[in-house]
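What follows is a set of notes on a single structure, which appears directly below.
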Amino acid sequence: MRTSKVTQKFGAHLSVAGGLHLAFDEAQQVGCDCLQVFVKNQRQWVAKPLTEEQVKLFKDARRKSGVSPVVAHASYLLNLASPEKANRNKSRDALIDELQRCEALGIEGLVIHPGAHMGSGIEAGIAAIAASLDEVHAATAGFTCRVLLESTAGQGTTIGHEISQLGEIIKQVRRPERLGVCIDTCHVFAAGYDIRERNDYERLLDEIDRHVGIDRLKCIHTNDSKGDCGSRLDRHEHITKGKIGKSGFAHLLNDPRLAHVPRILETPKGTDGRGVNLDRVNINRMKKLVRP
């Protein structure tokens, strides 16, 4: 299967330190076509509301940069599957706040970890996630920003390490058209999908198509894995430098079915031995794997 370099968009999760709009300057410096950011401190429940000036600066910077699409990643604190009602409600309210921020900024999708059932069981956890999302959707009627359910590595009691679990969440919500999916290559590999092998890669694509639909796939987190296939270890590595390696990414990057989906790095930051930004290094490594 072949696809074209020009049809694919490569980007990274970048810092918003000093101002949300500054992420676009860095995006251009490292060669990003698309972008992921946090719209608030990811380790705090509450943040000050966005000002009109912040929104204007962000939209102006985006327009000037041409970087698109832009997605956000929700706080790591959220757990829509929590069996504790107080925590679940707190998570729901925080998600509503983040969606409001994304909608104001014109961000297309908000990536969330579905949640952890904390011992209540996968079935109960999925029901709690779906009910929470129904409440979130009711509070954000008319919003264009979608919640993007991210696949997980399967650590602890987290939900989403099987694609069918994401599909069941979508099936149970009342407004499924408001949901999308984000696949993380490290996570699916750690969860047992050995995308290095053509047959297993095709199994993953078949499950995505069957349970959620390829058209619902709105973002791919492109991360190599420090852990082995099936290890359930959520540890990201630089592209081709982990256990997935060249073969797994070559399958992904030369699949025309996925060429429209933005690729977002969440690999370690810094510079290489030549002083080159590692996001640029990883983007270039992906581009070199795309066959002409």
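Order determines the names: the first chain of the structure tokens is A, the second B, and so forth; residues in each chain are numbered 1 upward, and ligands are numbered 1 upward as they are shown.
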Task: Within 9 Å of Leu78 of chain A using only C-alpha atoms, minus same-chain residues under 4 positions, as a PyMOL selection string - done: chain A and resi 45+74+87-88+90-92+94-95+112-115
Atoms kept (N, CA, C and O atoms) for selection, written as a compact mmCIF listing (two decimals), in the first residue's frame:
# COMPACT_ATOMS: atom_id res chain seq x y z
N TRP A 45 -7.11 20.74 39.03
CA TRP A 45 -8.52 20.64 38.71
C TRP A 45 -9.09 21.95 38.16
O TRP A 45 -9.93 21.95 37.26
N ALA A 74 -6.72 16.44 27.56
CA ALA A 74 -7.36 16.76 28.84
C ALA A 74 -6.46 16.41 30.02
O ALA A 74 -5.48 15.66 29.90
N ASN A 87 -15.96 11.96 42.84
CA ASN A 87 -14.82 12.06 41.92
C ASN A 87 -15.29 12.08 40.48
O ASN A 87 -14.74 12.81 39.64
N ARG A 88 -16.31 11.27 40.20
CA ARG A 88 -16.85 11.23 38.83
C ARG A 88 -17.46 12.58 38.45
O ARG A 88 -17.24 13.07 37.34
N LYS A 90 -16.67 15.49 39.75
CA LYS A 90 -15.57 16.44 39.65
C LYS A 90 -14.90 16.31 38.29
O LYS A 90 -14.55 17.32 37.65
N SER A 91 -14.73 15.09 37.82
CA SER A 91 -14.13 14.83 36.52
C SER A 91 -15.03 15.36 35.40
O SER A 91 -14.56 15.96 34.43
N ARG A 92 -16.32 15.12 35.53
CA ARG A 92 -17.29 15.60 34.53
C ARG A 92 -17.23 17.12 34.43
O ARG A 92 -17.16 17.67 33.33
N ALA A 94 -14.81 19.14 35.27
CA ALA A 94 -13.52 19.57 34.72
C ALA A 94 -13.49 19.36 33.21
O ALA A 94 -12.92 20.19 32.48
N LEU A 95 -14.09 18.28 32.74
CA LEU A 95 -14.13 18.04 31.30
C LEU A 95 -14.99 19.08 30.60
O LEU A 95 -14.64 19.56 29.51
N ILE A 112 -9.08 12.45 25.67
CA ILE A 112 -9.19 12.07 27.09
C ILE A 112 -8.87 10.59 27.24
O ILE A 112 -9.13 9.78 26.36
N HIS A 113 -8.28 10.24 28.39
CA HIS A 113 -8.18 8.85 28.78
C HIS A 113 -9.56 8.45 29.31
O HIS A 113 -10.09 9.14 30.19
N PRO A 114 -10.16 7.39 28.79
CA PRO A 114 -11.54 7.07 29.16
C PRO A 114 -11.79 6.96 30.66
O PRO A 114 -12.82 7.41 31.16
N GLY A 115 -10.84 6.36 31.38
CA GLY A 115 -11.02 6.25 32.83
C GLY A 115 -10.60 4.88 33.35
O GLY A 115 -10.29 3.96 32.58
Open item on the list: Report as an NGL selection string all protein, DNA and RNA residues lying within 10 Å of Leu110 of chain A, evaluated on only C-alpha atoms, omitting residues in the same chain fewer than 5 positions from it.
Closed with: :A and (36-39 or 70-74 or 95 or 98-99 or 102-103 or 145-150 or 179-182)
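Picture a line from atom CA of Leu105 of chain A to atom CA of Val30 of chain A; it runs 22.4 Å.
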TODO: Among the residues of segment 50-281 of chain A, find those DSSP assigns to strand (DSSP E or B) from the backbone and print them as a PyMOL selection string.
DONE: chain A and resi 70-73+109-112+116+146-150+158+179-184+217-221+224-225+236-237+263-265+271+277
Could you pull the residues within 6 Å of segment 236-239 of chain A, counting only C-alpha atoms, minus those fewer than 6 positions along the same chain, as a JSON list (two decimals) with all heavy atoms, in the first residue's frame?
[["chain", "number", "residue", "atom", "x", "y", "z"],
["A", 223, "ASN", "N", 4.06, 7.22, 19.03],
["A", 223, "ASN", "CA", 5.10, 7.03, 20.04],
["A", 223, "ASN", "C", 5.64, 5.62, 19.95],
["A", 223, "ASN", "O", 4.87, 4.66, 19.86],
["A", 223, "ASN", "CB", 4.51, 7.23, 21.45],
["A", 223, "ASN", "CG", 3.83, 8.58, 21.61],
["A", 223, "ASN", "OD1", 4.44, 9.61, 21.41],
["A", 223, "ASN", "ND2", 2.54, 8.56, 21.99],
["A", 224, "ASP", "N", 6.97, 5.49, 19.96],
["A", 224, "ASP", "CA", 7.53, 4.16, 20.08],
["A", 224, "ASP", "C", 7.39, 3.73, 21.54],
["A", 224, "ASP", "O", 6.99, 4.53, 22.40],
["A", 224, "ASP", "CB", 8.99, 4.14, 19.62],
["A", 224, "ASP", "CG", 9.39, 2.81, 19.00],
["A", 224, "ASP", "OD1", 8.89, 1.76, 19.48],
["A", 224, "ASP", "OD2", 10.18, 2.79, 18.04],
["A", 225, "SER", "N", 7.71, 2.47, 21.82],
["A", 225, "SER", "CA", 7.46, 1.90, 23.15],
["A", 225, "SER", "C", 8.73, 1.39, 23.80],
["A", 225, "SER", "O", 9.50, 0.64, 23.18],
["A", 225, "SER", "CB", 6.46, 0.75, 23.01],
["A", 225, "SER", "OG", 6.28, 0.07, 24.23],
["A", 226, "LYS", "N", 8.94, 1.77, 25.05],
["A", 226, "LYS", "CA", 10.07, 1.22, 25.81],
["A", 226, "LYS", "C", 9.81, -0.23, 26.22],
["A", 226, "LYS", "O", 10.74, -1.01, 26.39],
["A", 226, "LYS", "CB", 10.33, 2.07, 27.07],
["A", 226, "LYS", "CG", 10.98, 3.42, 26.80],
["A", 226, "LYS", "CD", 11.26, 4.14, 28.10],
["A", 226, "LYS", "CE", 11.92, 5.49, 27.88],
["A", 226, "LYS", "NZ", 13.29, 5.37, 27.35],
["A", 267, "THR", "N", 6.71, 12.06, 22.37],
["A", 267, "THR", "CA", 8.00, 11.46, 22.70],
["A", 267, "THR", "C", 8.82, 12.39, 23.59],
["A", 267, "THR", "O", 8.51, 13.58, 23.71],
["A", 267, "THR", "CB", 8.76, 11.15, 21.39],
["A", 267, "THR", "OG1", 8.64, 12.26, 20.49],
["A", 267, "THR", "CG2", 8.19, 9.93, 20.70],
["A", 282, "ASN", "N", 12.26, 13.37, 15.33],
["A", 282, "ASN", "CA", 11.25, 12.32, 15.24],
["A", 282, "ASN", "C", 10.30, 12.52, 14.06],
["A", 282, "ASN", "O", 9.90, 11.55, 13.41],
["A", 282, "ASN", "CB", 10.46, 12.23, 16.54],
["A", 282, "ASN", "CG", 11.21, 11.51, 17.64],
["A", 282, "ASN", "OD1", 11.61, 10.36, 17.48],
["A", 282, "ASN", "ND2", 11.42, 12.17, 18.76]]
TODO: Considering only C-alpha atoms, state which residue in the set A:Gln100, A:Asn199, A:Ser231, A:Thr222 is at the smallest distance from Gly156 of chain A.
DONE: A:Ser231
Non-local contacts of His161 of chain A (8 Å; only C-alpha atoms; under 6 positions in same chain excluded) as a compact mmCIF listing (two decimals) with C-alpha atoms, in the first residue's frame:
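The result, stored in selection.txt:
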# COMPACT_ATOMS: atom_id res chain seq x y z
CA SER A 151 -6.69 3.92 23.52
CA THR A 152 -4.80 2.87 26.66
CA ALA A 153 -1.93 0.53 27.50
CA GLY A 154 -4.03 -1.41 30.01
CA HIS A 187 -0.50 2.06 24.02
CA VAL A 188 -1.90 -0.39 21.48
CA ALA A 191 -1.84 -3.67 25.10
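As for atom CA of Leu77 of chain A and atom CA of Gln44 of chain A, they are spaced 7.5 Å apart.
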- [ ] Enumerate as a ChimeraX atom specification all residues of segment 43-177 of chain A assigned to alpha helix (DSSP H) by DSSP on the backbone, naming them with the chain letters and numbers the document uses.
- [x] /A:52-65,85-105,122-139,163-172
Task: Nearby residues (only C-alpha atoms) at most 10 Å from segment 121-127 of chain A, same-chain spacing under 3 positions excluded, as a list of chain:residue names - done: A:Asn79, A:Leu80, A:Ala81, A:Ser82, A:Pro83, A:Pro114, A:Gly115, A:Ala116, A:His117, A:Met118, A:Ala130, A:Ala131, A:Ser132, A:Leu133, A:Thr157, A:Thr158, A:Ile159, A:Gly160, A:Gln165, A:Leu166, A:Glu168, A:Ile169, A:Ile170, A:Gln172, A:Val173
Please write the residues from the selection above to a file, keeping C-alpha atoms, as a short mmCIF file (atom, residue, chain, number, x, y, z; two decimals), in the first residue's frame.
data_model
loop_
_atom_site.label_atom_id
_atom_site.label_comp_id
_atom_site.auth_asym_id
_atom_site.auth_seq_id
_atom_site.Cartn_x
_atom_site.Cartn_y
_atom_site.Cartn_z
CA ASN A 79 -11.69 9.66 35.75
CA LEU A 80 -15.16 9.42 34.26
CA ALA A 81 -15.29 5.73 35.24
CA SER A 82 -14.74 6.29 38.96
CA PRO A 83 -17.13 4.32 41.18
CA PRO A 114 -11.54 7.07 29.16
CA GLY A 115 -11.02 6.25 32.83
CA ALA A 116 -10.24 3.50 35.34
CA HIS A 117 -12.95 1.40 36.98
CA MET A 118 -11.02 1.09 40.27
CA ALA A 130 -21.03 6.77 28.91
CA ALA A 131 -23.35 8.33 31.51
CA SER A 132 -20.75 10.98 32.33
CA LEU A 133 -20.28 11.82 28.64
CA THR A 157 -7.89 -0.94 35.89
CA THR A 158 -7.80 1.48 32.96
CA ILE A 159 -10.43 1.04 30.26
CA GLY A 160 -9.68 1.29 26.54
CA GLN A 165 -14.12 -1.16 24.84
CA LEU A 166 -13.92 2.20 23.08
CA GLU A 168 -18.88 0.01 23.62
CA ILE A 169 -18.55 3.49 25.16
CA ILE A 170 -19.54 5.03 21.83
CA GLN A 172 -23.82 3.52 24.92
CA VAL A 173 -23.73 7.32 24.65
#
- [ ] Would you mind telling me which residue in A:Val16, A:Cys229, A:Ala86, A:Leu205 lies nearest to Cys186 of chain A when using only C-alpha atoms?
- [x] A:Cys229
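Taking only C-alpha atoms, the non-local environment of Leu14 of chain A within 10 Å (same-chain residues fewer than 5 positions away omitted) comprises Leu20, Leu22, Ala23, Phe24, Glu26, Ala27, Cys32, Leu35, Gln36, Val37, Phe38, Ile264, Leu265, Glu266, Lys269 and Asp279 of chain A.
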